[in-house]
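Structure file final-v3.txt (compact mmCIF, C-alpha atoms) is printed below.
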# COMPACT_ATOMS: atom_id res chain seq x y z
CA MET A 1 10.82 28.46 27.39
CA SER A 2 8.88 27.49 24.30
CA HIS A 3 9.59 28.58 20.78
CA SER A 4 7.46 28.46 17.67
CA THR A 5 7.84 28.69 13.92
CA LYS A 6 5.30 28.86 11.12
CA SER A 7 5.42 27.49 7.60
CA GLY A 8 2.69 27.46 4.98
CA ASP A 9 -0.77 29.00 5.05
CA GLN A 10 -2.47 27.36 2.07
CA SER A 11 -3.49 23.84 1.13
CA TYR A 12 -1.63 22.09 -1.65
CA LEU A 13 -3.54 21.34 -4.84
CA GLU A 14 -6.15 18.68 -4.40
CA THR A 15 -5.15 15.40 -6.01
CA VAL A 16 -8.25 13.36 -5.26
CA ARG A 17 -10.86 12.85 -7.90
CA PRO A 18 -13.75 15.36 -7.77
CA GLU A 19 -16.34 12.77 -6.86
CA ARG A 20 -14.49 11.77 -3.72
CA ALA A 21 -14.53 13.62 -0.43
CA PRO A 22 -11.45 15.82 0.08
CA SER A 23 -8.69 14.22 2.15
CA HIS A 24 -7.10 15.67 5.30
CA ARG A 25 -4.18 16.81 3.11
CA SER A 26 -6.43 19.38 1.36
CA ARG A 27 -6.17 21.76 4.34
CA PRO A 28 -3.23 23.06 6.43
CA LEU A 29 -1.95 20.75 9.15
CA ARG A 30 -1.26 22.43 12.49
CA VAL A 31 1.23 20.45 14.60
CA LEU A 32 2.54 20.86 18.14
CA PHE A 33 5.94 19.24 18.74
CA VAL A 34 6.90 18.24 22.28
CA HIS A 35 10.58 17.54 21.82
CA ARG A 36 13.96 18.73 23.12
CA ASP A 37 15.90 18.10 19.91
CA PRO A 38 15.44 20.74 17.16
CA GLN A 39 17.08 18.42 14.64
CA ALA A 40 14.43 15.77 15.28
CA ILE A 41 11.72 18.39 14.69
CA ASP A 42 13.41 19.49 11.46
CA SER A 43 13.55 15.85 10.31
CA CYS A 44 9.83 15.48 10.99
CA LEU A 45 9.02 18.64 9.05
CA GLN A 46 11.12 17.49 6.10
CA GLU A 47 9.34 14.13 5.98
CA LEU A 48 5.92 15.77 6.25
CA LYS A 49 6.87 18.07 3.40
CA LYS A 50 7.87 15.03 1.33
CA GLY A 51 4.47 13.57 2.16
CA GLN A 52 2.82 16.66 0.59
CA PHE A 53 1.63 18.16 3.87
CA ILE A 54 1.56 21.94 4.33
CA VAL A 55 2.45 22.38 7.99
CA SER A 56 2.31 25.22 10.48
CA HIS A 57 3.80 24.23 13.80
CA ASP A 58 4.79 25.21 17.32
CA SER A 59 7.40 23.43 19.42
CA VAL A 60 7.76 23.15 23.18
CA LEU A 61 10.28 21.43 25.42
CA ASN A 62 8.08 19.62 27.93
CA TRP A 63 4.57 18.54 28.71
CA THR A 64 3.85 21.50 31.01
CA GLN A 65 4.47 23.90 28.13
CA CYS A 66 2.45 21.64 25.85
CA THR A 67 -0.56 21.86 28.19
CA GLU A 68 -0.35 25.65 28.18
CA HIS A 69 -0.36 25.74 24.36
CA LEU A 70 -3.32 23.37 24.19
CA ARG A 71 -5.39 25.72 26.38
CA SER A 72 -4.84 28.65 24.05
CA GLN A 73 -4.57 27.24 20.51
CA PRO A 74 -6.13 24.43 18.47
CA TYR A 75 -3.93 21.73 16.91
CA ASP A 76 -4.57 18.92 14.45
CA LEU A 77 -1.74 16.73 15.74
CA ILE A 78 0.79 16.35 18.57
CA VAL A 79 4.19 14.78 17.88
CA ALA A 80 5.99 14.03 21.15
CA GLU A 81 9.32 12.65 22.24
CA TYR A 82 8.93 9.38 24.13
CA LEU A 83 10.87 9.56 27.41
CA GLY A 84 10.93 6.03 28.72
CA ARG A 85 11.37 6.80 32.41
CA SER A 86 8.81 9.59 32.30
CA PHE A 87 6.07 7.32 30.94
CA LYS A 88 5.98 4.18 33.02
CA GLY A 89 3.05 2.03 32.04
CA PRO A 90 -0.29 2.69 30.37
CA GLY A 91 -1.57 4.84 33.26
CA ALA A 92 0.88 7.66 32.57
CA LEU A 93 0.18 7.48 28.87
CA GLN A 94 -3.54 7.73 29.58
CA LEU A 95 -2.95 10.95 31.53
CA PHE A 96 -1.05 12.25 28.51
CA ARG A 97 -3.96 11.31 26.26
CA GLN A 98 -6.56 12.90 28.55
CA ALA A 99 -4.64 16.16 28.62
CA ALA A 100 -4.39 16.11 24.83
CA ARG A 101 -8.16 15.61 24.59
CA GLU A 102 -9.15 14.36 21.14
CA ILE A 103 -6.00 15.51 19.34
CA PRO A 104 -4.20 12.63 17.55
CA LEU A 105 -0.90 11.87 19.27
CA ILE A 106 2.22 10.33 17.74
CA PHE A 107 5.31 9.43 19.78
CA LEU A 108 8.85 9.41 18.39
CA VAL A 109 10.48 6.35 19.93
CA ALA A 110 14.14 5.34 19.97
CA GLY A 111 14.81 1.88 18.51
CA MET A 112 15.78 0.26 21.82
CA ALA A 113 12.42 1.32 23.35
CA SER A 114 10.18 0.48 20.40
CA GLU A 115 9.43 -3.14 21.38
CA ALA A 116 8.21 -2.23 24.88
CA PHE A 117 6.38 0.85 23.63
CA ALA A 118 4.60 -1.12 20.91
CA VAL A 119 2.78 -3.10 23.65
CA LEU A 120 1.58 0.11 25.32
CA ALA A 121 0.62 1.60 21.96
CA ALA A 122 -1.49 -1.45 21.12
CA GLN A 123 -3.26 -1.25 24.49
CA ASP A 124 -3.92 2.47 24.44
CA ALA A 125 -4.37 3.22 20.71
CA PHE A 126 -1.34 5.51 20.47
CA GLU A 127 0.56 5.89 17.21
CA TYR A 128 4.35 5.74 17.31
CA VAL A 129 7.20 6.08 14.82
CA GLN A 130 10.78 4.95 15.39
CA ARG A 131 13.40 7.69 15.11
CA GLU A 132 15.40 5.35 12.88
CA HIS A 133 12.45 5.09 10.48
CA ILE A 134 11.30 8.71 10.52
CA ALA A 135 10.34 8.37 6.84
CA GLN A 136 7.24 6.48 8.06
CA LEU A 137 5.94 9.62 9.84
CA PRO A 138 3.64 10.79 6.98
CA MET A 139 1.98 7.37 6.91
CA GLY A 140 1.53 7.49 10.69
CA VAL A 141 0.03 10.99 10.47
CA ARG A 142 -2.44 9.93 7.80
CA ARG A 143 -3.40 6.89 9.84
CA ALA A 144 -3.85 8.96 13.03
CA LEU A 145 -6.01 11.56 11.27
CA ASN A 146 -8.04 8.88 9.52
CA GLU A 147 -8.54 7.12 12.85
CA LYS A 148 -9.79 10.37 14.37
CA LYS A 149 -12.20 10.88 11.49
CA LEU A 150 -13.40 7.29 11.73
CA ARG A 151 -13.98 7.60 15.47
CA SER A 152 -15.95 10.77 14.85
CA ASP A 153 -17.97 9.14 12.09
CA LEU A 154 -18.75 6.07 14.17
CA ALA A 155 -19.70 8.18 17.21
CA GLU A 156 -22.06 10.19 15.06
CA ALA A 157 -23.49 7.00 13.60
CA GLU A 158 -24.16 5.55 17.04
CA LYS A 159 -25.79 8.80 18.18
CA THR A 160 -28.02 8.65 15.12
CA LEU A 161 -28.99 5.08 15.90
CA ARG A 162 -29.98 6.03 19.43
CA HIS A 163 -32.06 9.09 18.58
CA SER A 164 -33.62 8.65 15.16
CA GLN A 165 -35.11 5.62 13.51
CA SER A 166 -35.34 7.44 10.20
CA LEU A 167 -31.66 8.40 10.24
CA TYR A 168 -30.84 4.85 11.26
CA ARG A 169 -32.53 3.65 8.08
CA ALA A 170 -30.56 6.17 6.06
CA LEU A 171 -27.35 4.87 7.60
CA LEU A 172 -28.34 1.35 6.61
CA GLU A 173 -28.02 2.43 2.99
CA ASN A 174 -24.58 4.01 3.46
CA PRO A 175 -22.15 2.04 1.23
CA ALA A 176 -19.17 2.76 3.50
CA TYR A 177 -20.54 1.03 6.60
CA GLY A 178 -21.76 -2.49 7.02
CA ILE A 179 -24.54 -2.66 9.59
CA CYS A 180 -26.22 -5.69 11.13
CA ARG A 181 -28.54 -6.55 14.00
CA CYS A 182 -28.42 -9.74 16.07
CA ASP A 183 -30.86 -11.11 18.58
CA ALA A 184 -29.93 -12.09 22.15
CA ALA A 185 -28.79 -15.52 20.94
CA GLY A 186 -26.46 -14.03 18.33
CA LYS A 187 -28.61 -14.84 15.32
CA LEU A 188 -28.51 -12.28 12.51
CA LEU A 189 -31.82 -10.48 12.09
CA ASP A 190 -31.08 -7.82 9.51
CA VAL A 191 -28.13 -6.46 7.50
CA ASN A 192 -27.62 -3.64 5.01
CA ARG A 193 -26.27 -3.88 1.47
CA ALA A 194 -22.75 -2.87 2.48
CA PHE A 195 -22.61 -5.76 4.95
CA LEU A 196 -23.69 -8.19 2.25
CA THR A 197 -21.05 -6.82 -0.13
CA MET A 198 -18.32 -7.20 2.48
CA LEU A 199 -19.15 -10.87 3.01
CA GLY A 200 -19.83 -11.63 -0.66
CA TYR A 201 -23.52 -12.54 -0.44
CA ASP A 202 -26.13 -11.48 -2.98
CA SER A 203 -29.15 -11.07 -0.73
CA ASN A 204 -30.33 -10.99 2.87
CA GLU A 205 -32.11 -14.26 2.31
CA GLU A 206 -28.91 -15.99 1.17
CA LEU A 207 -26.95 -14.69 4.15
CA LEU A 208 -29.67 -15.48 6.66
CA ALA A 209 -30.15 -18.92 5.14
CA ALA A 210 -26.48 -19.61 5.79
CA ASN A 211 -26.97 -18.68 9.45
CA ARG A 212 -27.91 -22.20 10.60
CA GLU A 213 -28.54 -22.19 14.34
CA SER A 214 -26.47 -19.03 14.71
CA GLU A 215 -23.39 -20.75 13.23
CA LEU A 216 -22.51 -17.79 11.01
CA ALA A 217 -22.78 -15.27 13.82
CA LEU A 218 -20.64 -17.44 16.06
CA ASP A 219 -18.07 -18.07 13.30
CA LEU A 220 -17.79 -14.33 12.68
CA GLY A 221 -17.17 -13.80 16.37
CA LEU A 222 -19.95 -11.23 16.58
CA ARG A 223 -21.19 -12.09 20.05
CA MET A 224 -17.70 -12.21 21.50
CA SER A 225 -16.75 -8.98 19.74
CA LEU A 226 -19.79 -7.08 20.89
CA ALA A 227 -19.33 -8.30 24.43
CA GLY A 228 -15.87 -6.76 24.30
CA VAL A 229 -17.26 -3.47 22.99
CA SER A 230 -20.28 -3.12 25.23
CA ARG A 231 -19.00 -4.61 28.48
CA ASP A 232 -17.39 -1.26 29.32
CA PRO A 233 -19.59 1.54 27.95
CA ALA A 234 -16.99 4.18 28.81
CA ARG A 235 -14.42 2.51 26.64
CA GLY A 236 -16.32 2.87 23.37
CA GLU A 237 -13.36 1.94 21.18
CA PRO A 238 -13.65 -0.01 17.92
CA ILE A 239 -12.14 -3.48 17.75
CA GLU A 240 -10.78 -5.46 14.83
CA VAL A 241 -11.81 -8.96 13.78
CA GLU A 242 -11.18 -11.31 10.89
CA TRP A 243 -14.23 -12.59 9.05
CA LYS A 244 -14.48 -15.30 6.44
CA ARG A 245 -16.28 -14.31 3.26
CA LYS A 246 -18.62 -16.60 1.37
CA ASN A 247 -15.78 -17.57 -0.98
CA GLY A 248 -13.48 -18.43 1.92
CA THR A 249 -11.19 -15.39 1.71
CA ILE A 250 -10.39 -13.33 4.79
CA LEU A 251 -11.94 -9.93 5.45
CA LYS A 252 -10.44 -7.66 8.12
CA ALA A 253 -13.08 -5.44 9.69
CA ARG A 254 -13.24 -2.81 12.38
CA LEU A 255 -16.36 -3.13 14.52
CA SER A 256 -18.22 -0.69 16.68
CA GLY A 257 -21.49 -1.59 18.34
CA ARG A 258 -23.87 -1.45 21.23
CA ASP A 259 -26.21 -3.71 23.16
CA ALA A 260 -29.93 -3.26 22.57
CA PHE A 261 -32.56 -3.51 25.31
CA ASP A 262 -36.33 -3.79 25.33
CA GLU A 263 -38.71 -1.43 27.11
CA HIS A 264 -38.24 -3.41 30.34
CA GLY A 265 -34.46 -3.06 30.25
CA ASN A 266 -33.85 -6.66 29.20
CA PHE A 267 -31.01 -7.39 26.79
CA ASN A 268 -32.48 -8.37 23.42
CA GLY A 269 -29.65 -8.11 20.92
CA CYS A 270 -26.79 -6.14 19.43
CA GLU A 271 -26.28 -3.57 16.71
CA ILE A 272 -22.94 -3.50 14.85
CA ILE A 273 -21.24 -1.06 12.48
CA ALA A 274 -18.47 -2.66 10.41
CA VAL A 275 -15.79 -0.99 8.27
CA ASP A 276 -13.72 -3.00 5.78
CA ILE A 277 -10.02 -2.35 6.53
CA THR A 278 -8.58 -5.31 4.58
CA GLU A 279 -6.86 -3.15 1.97
CA GLN A 280 -5.62 -0.68 4.58
CA ARG A 281 -3.95 -3.44 6.59
CA ARG A 282 -2.48 -4.98 3.43
CA LEU A 283 -0.89 -1.69 2.43
CA GLU A 284 0.43 -1.12 5.94
CA ALA A 285 2.03 -4.58 5.95
CA GLN A 286 3.54 -3.88 2.53
CA LEU A 287 4.99 -0.57 3.73
CA ARG A 288 6.43 -2.22 6.85
CA LEU A 289 8.07 -4.85 4.65
CA GLN A 290 9.49 -2.22 2.32
CA ALA A 291 10.86 -0.27 5.27
CA SER A 292 12.84 -3.32 6.47
CA THR A 293 13.94 -4.78 3.10
CA ASP A 294 16.87 -3.99 0.82
CA SER A 295 15.33 -2.92 -2.48
CA LEU A 296 18.02 -4.53 -4.68
CA THR A 297 18.53 -7.95 -3.13
CA GLY A 298 15.28 -8.51 -1.24
CA LEU A 299 17.24 -9.33 1.93
CA ALA A 300 16.73 -7.60 5.25
CA ASN A 301 18.27 -4.12 5.28
CA HIS A 302 20.73 -2.65 7.79
CA GLY A 303 17.97 -1.39 10.11
CA ARG A 304 16.27 -4.77 10.18
CA LEU A 305 19.64 -6.45 10.84
CA LEU A 306 20.16 -4.30 13.94
CA ASP A 307 16.62 -5.06 15.14
CA VAL A 308 17.30 -8.80 14.80
CA LEU A 309 20.63 -8.50 16.63
CA HIS A 310 18.95 -6.61 19.49
CA ALA A 311 16.30 -9.33 19.72
CA GLU A 312 18.89 -12.12 19.66
CA VAL A 313 21.01 -10.49 22.37
CA SER A 314 17.90 -10.14 24.55
CA ARG A 315 16.92 -13.75 23.92
CA SER A 316 20.46 -14.98 24.63
CA LYS A 317 20.48 -13.14 27.95
CA ARG A 318 17.12 -14.66 28.80
CA THR A 319 17.82 -18.27 27.68
CA ARG A 320 21.64 -18.31 28.09
CA ARG A 321 21.92 -19.82 24.59
CA GLU A 322 24.42 -18.51 22.09
CA PHE A 323 23.93 -17.22 18.56
CA SER A 324 26.38 -16.38 15.77
CA ILE A 325 26.78 -13.90 12.95
CA VAL A 326 28.52 -14.52 9.65
CA LEU A 327 29.77 -11.36 7.92
CA LEU A 328 30.57 -11.63 4.21
CA ASP A 329 32.28 -9.26 1.80
CA LEU A 330 31.89 -9.77 -1.96
CA ASP A 331 35.45 -9.70 -3.31
CA GLY A 332 36.34 -7.49 -6.23
CA LEU A 333 32.99 -5.77 -6.75
CA LYS A 334 34.72 -2.65 -8.08
CA ASN A 335 36.61 -4.75 -10.65
CA ILE A 336 33.35 -6.38 -11.71
CA ASN A 337 31.71 -2.98 -12.15
CA ASP A 338 34.68 -1.66 -14.12
CA GLN A 339 35.07 -4.71 -16.37
CA PHE A 340 31.48 -5.86 -16.85
CA GLY A 341 29.39 -2.81 -15.94
CA HIS A 342 27.19 -1.87 -12.99
CA LEU A 343 24.33 -4.10 -14.11
CA ALA A 344 26.67 -7.08 -13.77
CA GLY A 345 27.73 -5.74 -10.38
CA ASN A 346 24.12 -5.55 -9.21
CA ARG A 347 23.51 -9.00 -10.61
CA SER A 348 26.51 -10.29 -8.62
CA LEU A 349 25.05 -8.86 -5.41
CA CYS A 350 21.72 -10.56 -6.17
CA ARG A 351 23.46 -13.88 -6.94
CA LEU A 352 25.17 -13.83 -3.55
CA ALA A 353 21.90 -12.79 -1.86
CA GLN A 354 20.11 -15.80 -3.37
CA ILE A 355 22.82 -18.15 -2.11
CA LEU A 356 22.46 -16.70 1.38
CA LYS A 357 18.70 -17.28 1.21
CA ASP A 358 19.32 -20.89 0.12
CA CYS A 359 21.62 -21.44 3.12
CA CYS A 360 19.24 -19.99 5.71
CA ARG A 361 16.81 -21.81 7.94
CA SER A 362 13.43 -20.28 8.65
CA ILE A 363 14.75 -18.79 11.91
CA ASP A 364 17.88 -17.28 10.30
CA THR A 365 18.11 -13.75 8.92
CA ALA A 366 20.15 -12.86 5.84
CA ALA A 367 20.76 -9.13 5.42
CA ARG A 368 22.62 -6.69 3.24
CA HIS A 369 24.87 -4.93 5.72
CA GLY A 370 25.73 -2.18 3.24
CA GLY A 371 27.40 -1.88 -0.17
CA ASP A 372 29.13 -5.19 -0.89
CA GLU A 373 28.84 -6.45 2.72
CA PHE A 374 26.28 -9.03 3.87
CA ALA A 375 25.44 -10.76 7.13
CA VAL A 376 23.66 -13.90 8.25
CA VAL A 377 22.34 -14.10 11.83
CA LEU A 378 22.13 -17.69 13.08
CA PRO A 379 20.07 -18.15 16.29
CA GLU A 380 20.89 -21.07 18.58
CA THR A 381 24.16 -21.59 16.67
CA GLY A 382 27.78 -21.73 17.85
CA ALA A 383 30.93 -20.77 15.98
CA ALA A 384 31.62 -24.30 14.71
CA ALA A 385 28.15 -24.67 13.17
CA ALA A 386 28.39 -21.13 11.74
CA ALA A 387 31.65 -22.15 10.03
CA LEU A 388 29.75 -25.00 8.33
CA VAL A 389 27.23 -22.48 7.01
CA ALA A 390 30.09 -20.37 5.65
CA ARG A 391 31.61 -23.45 3.98
CA ARG A 392 28.23 -24.21 2.39
CA ILE A 393 28.15 -20.67 0.96
CA PHE A 394 31.63 -21.20 -0.50
CA GLU A 395 30.55 -24.49 -2.05
CA LEU A 396 27.50 -22.97 -3.70
CA LEU A 397 29.64 -20.17 -5.12
CA GLU A 398 32.08 -22.77 -6.44
CA ALA A 399 29.23 -24.60 -8.16
CA GLU A 400 28.01 -21.52 -10.03
CA ALA A 401 28.64 -21.44 -13.76
CA GLU A 402 27.51 -17.87 -14.32
CA GLN A 403 30.15 -15.27 -15.15
CA PRO A 404 31.82 -13.37 -13.62
CA LEU A 405 32.95 -15.87 -10.99
CA LEU A 406 32.38 -14.71 -7.42
CA SER A 407 34.24 -15.17 -4.16
CA VAL A 408 33.69 -13.84 -0.66
CA SER A 409 35.65 -13.10 2.48
CA VAL A 410 34.03 -14.22 5.71
CA GLY A 411 34.23 -13.36 9.39
CA ILE A 412 32.40 -15.23 12.15
CA ALA A 413 31.64 -14.17 15.73
CA SER A 414 29.43 -15.64 18.44
CA TYR A 415 27.55 -14.07 21.34
CA PRO A 416 28.37 -14.12 24.20
CA ALA A 417 31.63 -16.03 23.62
CA ASP A 418 33.23 -13.34 21.43
CA ALA A 419 31.45 -10.16 22.49
CA ASP A 420 29.44 -8.46 25.21
CA GLY A 421 27.20 -6.43 22.89
CA ILE A 422 26.18 -5.77 19.30
CA GLY A 423 29.00 -3.31 18.64
CA THR A 424 31.77 -5.64 19.78
CA LEU A 425 30.10 -8.58 18.04
CA LEU A 426 30.18 -6.79 14.67
CA GLN A 427 33.74 -5.57 15.30
CA THR A 428 34.94 -9.09 16.10
CA ALA A 429 33.34 -10.54 12.96
CA ASP A 430 34.69 -7.65 10.88
CA LYS A 431 38.26 -8.19 12.12
CA ALA A 432 37.99 -11.89 11.28
CA LEU A 433 36.70 -10.98 7.80
CA TYR A 434 39.61 -8.69 7.00
CA ALA A 435 42.08 -11.14 8.47
CA MET A 436 40.83 -13.71 5.96
CA LYS A 437 40.88 -11.15 3.13
CA SER A 438 44.57 -10.43 3.80
CA GLN A 439 45.66 -14.10 3.75
CA ASN A 440 47.33 -15.52 0.66
CA PRO A 441 46.46 -18.18 -0.36
CA ARG A 442 42.88 -17.68 0.81
CA PRO A 443 41.57 -20.41 3.14
CA LEU A 444 38.82 -22.54 1.61
CA LEU A 445 38.98 -20.49 -1.59
CA ALA A 446 42.66 -20.73 -2.50
CA ALA A 447 41.85 -22.06 -5.97
CA ARG A 448 39.07 -19.54 -6.65
CA GLN A 449 39.51 -15.87 -7.59
CA SER A 450 36.85 -13.33 -8.42
CA ALA A 451 36.92 -11.66 -11.79
Could you write out this structure as structure tokens?
Amino acid sequence: MSHSTKSGDQSYLETVRPERAPSHRSRPLRVLFVHRDPQAIDSCLQELKKGQFIVSHDSVLNWTQCTEHLRSQPYDLIVAEYLGRSFKGPGALQLFRQAAREIPLIFLVAGMASEAFAVLAAQDAFEYVQREHIAQLPMGVRRALNEKKLRSDLAEAEKTLRHSQSLYRALLENPAYGICRCDAAGKLLDVNRAFLTMLGYDSNEELLAANRESELALDLGLRMSLAGVSRDPARGEPIEVEWKRKNGTILKARLSGRDAFDEHGNFNGCEIIAVDITEQRRLEAQLRLQASTDSLTGLANHGRLLDVLHAEVSRSKRTRREFSIVLLDLDGLKNINDQFGHLAGNRSLCRLAQILKDCCRSIDTAARHGGDEFAVVLPETGAAAAALVARRIFELLEAEAEQPLLSVSVGIASYPADADGIGTLLQTADKALYAMKSQNPRPLLAARQSA
């Protein structure tokens, strides 16, 4: 049985500037949820509301019900539960996509399945959001809708190029798309203004002059890229490349193109449409970093810590090499807050975070476990070497002159020697931490007390 609810029937106030085209958020968003958990759907709706979407939605329990809804009603987006055993490999996902036609599709994926699913998503152009990071759903929705619009725009552009030389010339002047033509050898023949702007050249002559014996075309990877696009005409999907601008900086571009043939059917070149996505990718990377970083200390946050532990357990099982975790508790944080104020307490957390960074190798991960608790994950490290890291942390705290003085309690555990999973690993380290906290005098720090 399916059930449906409705919310909202008007767009929110437009926030874009008048001269720009209205965004997808200026109209209602109709969503079909394929999920068995009503709480998960409610969480999605709350996050979409925070993202300033006005949503009307239906929800179904399985894909059969979803197919029935798709036959009778239009939707802007499908948000589906990812059932690992029900979607084995890209073939099953492709059937899902074909049934959904051109509707953008976003999967909600549990954390343990996200690494494997990310490979399938990259191969099949599916969007996915981890249940643990549901706050990223609005960004994923915007990206999926923008991708749909871009695919539509590029398809229309290619249709124009095939059927109308006059419209092709008009497209050449479009500032949003860089367009170029190459001959059969890969040498650039013609480009539009947008293409020149992307690469930082002032004129066609300057760009073409730099194309010595097709070096520029080969450096940009145009021939290889177009071969990937046009080898399978049914595929028709854009690809992404990195180009080097005239000034040496990197430009990320999404390419769509086609092979060109003469009247005898002989290959005589390529036509390419390029879209600058450098800023889009930069913002996405920044958002991913923010989603995995503690805002106060700059260390990895709790979610990122669990991701690292999952990865290390998997690697340990594969390589049969151990790793260790050092749990730390900042002693007397409440007393610091009461005596010196919360700014001093935050500063104390940041001081300890900096010391952890100083003690980490490039392969280590320092994280804020929560509140006044921290953790350092040490790959390829046994308990004895982890104890040396802990001693180094103590020594750096001892050497600090800043007030208030700080001390920590520490617990160490190693996998697989001390635990058979992440839960028992953290429990073992936590027990060792509180065992140290209860000792008097404190080992290694007997002469040092926190304020």
**Q.** Residue contacts of Gln46 in chain A (12 Å, all atoms listed in the file) excluding same-chain residues fewer than 5 positions away, as a ChimeraX atom specification
**A.** /A:7,39-41,51-55,134-138
Can you write out the residues you just picked, keeping C-alpha atoms, as a compact mmCIF listing (two decimals), in the coordinates of the input?
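Ended up saving to out.txt:
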# COMPACT_ATOMS: atom_id res chain seq x y z
CA SER A 7 5.42 27.49 7.60
CA GLN A 39 17.08 18.42 14.64
CA ALA A 40 14.43 15.77 15.28
CA ILE A 41 11.72 18.39 14.69
CA GLY A 51 4.47 13.57 2.16
CA GLN A 52 2.82 16.66 0.59
CA PHE A 53 1.63 18.16 3.87
CA ILE A 54 1.56 21.94 4.33
CA VAL A 55 2.45 22.38 7.99
CA ILE A 134 11.30 8.71 10.52
CA ALA A 135 10.34 8.37 6.84
CA GLN A 136 7.24 6.48 8.06
CA LEU A 137 5.94 9.62 9.84
CA PRO A 138 3.64 10.79 6.98
Q: May I have the residues within 9 Å of Cys350 in chain A as a list in words, using only C-alpha atoms and disregarding those fewer than 3 positions away in the same chain?
A: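 The residues satisfying every condition are Leu296, Thr297, Gly298, Gly345, Asn346, Arg347, Ala353, Gln354 and Ile355 of chain A.
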So that I can see what lies close to Ser256 in chain A, please list as a PDB file with C-alpha atoms, in the coordinates of the input the residues with an atom at most 7 Å from it, counting all atoms listed in the file and leaving out residues fewer than 3 positions away in the same chain.
ATOM      1  CA  VAL A 229     -17.260  -3.470  22.990  1.00  0.00           C
ATOM      2  CA  PRO A 238     -13.650  -0.010  17.920  1.00  0.00           C
ATOM      3  CA  ILE A 239     -12.140  -3.480  17.750  1.00  0.00           C
ATOM      4  CA  ILE A 272     -22.940  -3.500  14.850  1.00  0.00           C
ATOM      5  CA  ILE A 273     -21.240  -1.060  12.480  1.00  0.00           C
ATOM      6  CA  ALA A 274     -18.470  -2.660  10.410  1.00  0.00           C
TER       7      ALA A 274
END
Q: Measuring atom to atom with all atoms listed in the file, identify which of A:Val313, A:Val326, A:Ile393, A:Leu70 is nearest to Leu352 in chain A.
A: A:Ile393
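Separating CA of Arg351 in chain A from CA of Leu378 in chain A is a distance of 20.4 Å.
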Around all the atoms of range 59-73 of chain A listed in the file, with 4 Å of room on each side, what axis-aligned box do you get, giving centre and edge lengths in Å to one decimal, as lines of an AutoDock Vina configuration file?
center_x = 2.4
center_y = 23.6
center_z = 25.2
size_x = 23.7
size_y = 18.1
size_z = 19.6
Q | d(CA of Ser438 in chain A, CA of Gly332 in chain A) in Å | A |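 Value for the CA of Ser438 in chain A-CA of Gly332 in chain A distance: 13.3 Å.
Counting from CA of Leu61 in chain A, the distance to CA of Glu132 in chain A is 21.0 Å.
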With a distance cut-off of 6 Å and all atoms listed in the file, select the neighbouring residues of Leu328 in chain A, excluding the residue or stretch itself and same-chain residues fewer than 4 positions from it, and output the selection as a PDB file with C-alpha atoms, keeping the file's coordinate frame.
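Writing done, so here's around-v7.pdb:
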ATOM      1  CA  GLU A 373      28.840  -6.450   2.720  1.00  0.00           C
ATOM      2  CA  PHE A 374      26.280  -9.030   3.870  1.00  0.00           C
ATOM      3  CA  ALA A 375      25.440 -10.760   7.130  1.00  0.00           C
ATOM      4  CA  SER A 409      35.650 -13.100   2.480  1.00  0.00           C
ATOM      5  CA  VAL A 410      34.030 -14.220   5.710  1.00  0.00           C
TER       6      VAL A 410
END
Q: Using all atoms listed in the file, determine which residues lie at most 9 Å from Pro175 in chain A, disregarding the query and same-chain residues fewer than 4 positions distant; provide the list as a PyMOL selection string.
A: chain A and resi 171+192-195
Q.
Let me make sure I understand: among A:Ser348, A:Ile422, A:Gly269, A:Leu433, which one has the smallest atom-to-atom distance to Glu400 in chain A if we use all atoms listed in the file?
A.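 That would be A:Ser348, the residue with the smallest distance to Glu400 in chain A.
For the set A:Gln339, A:Gln286, A:Thr365, A:Thr319, the residue with the smallest atom-to-atom gap to Leu299 in chain A is A:Thr365, counting only C-alpha atoms.
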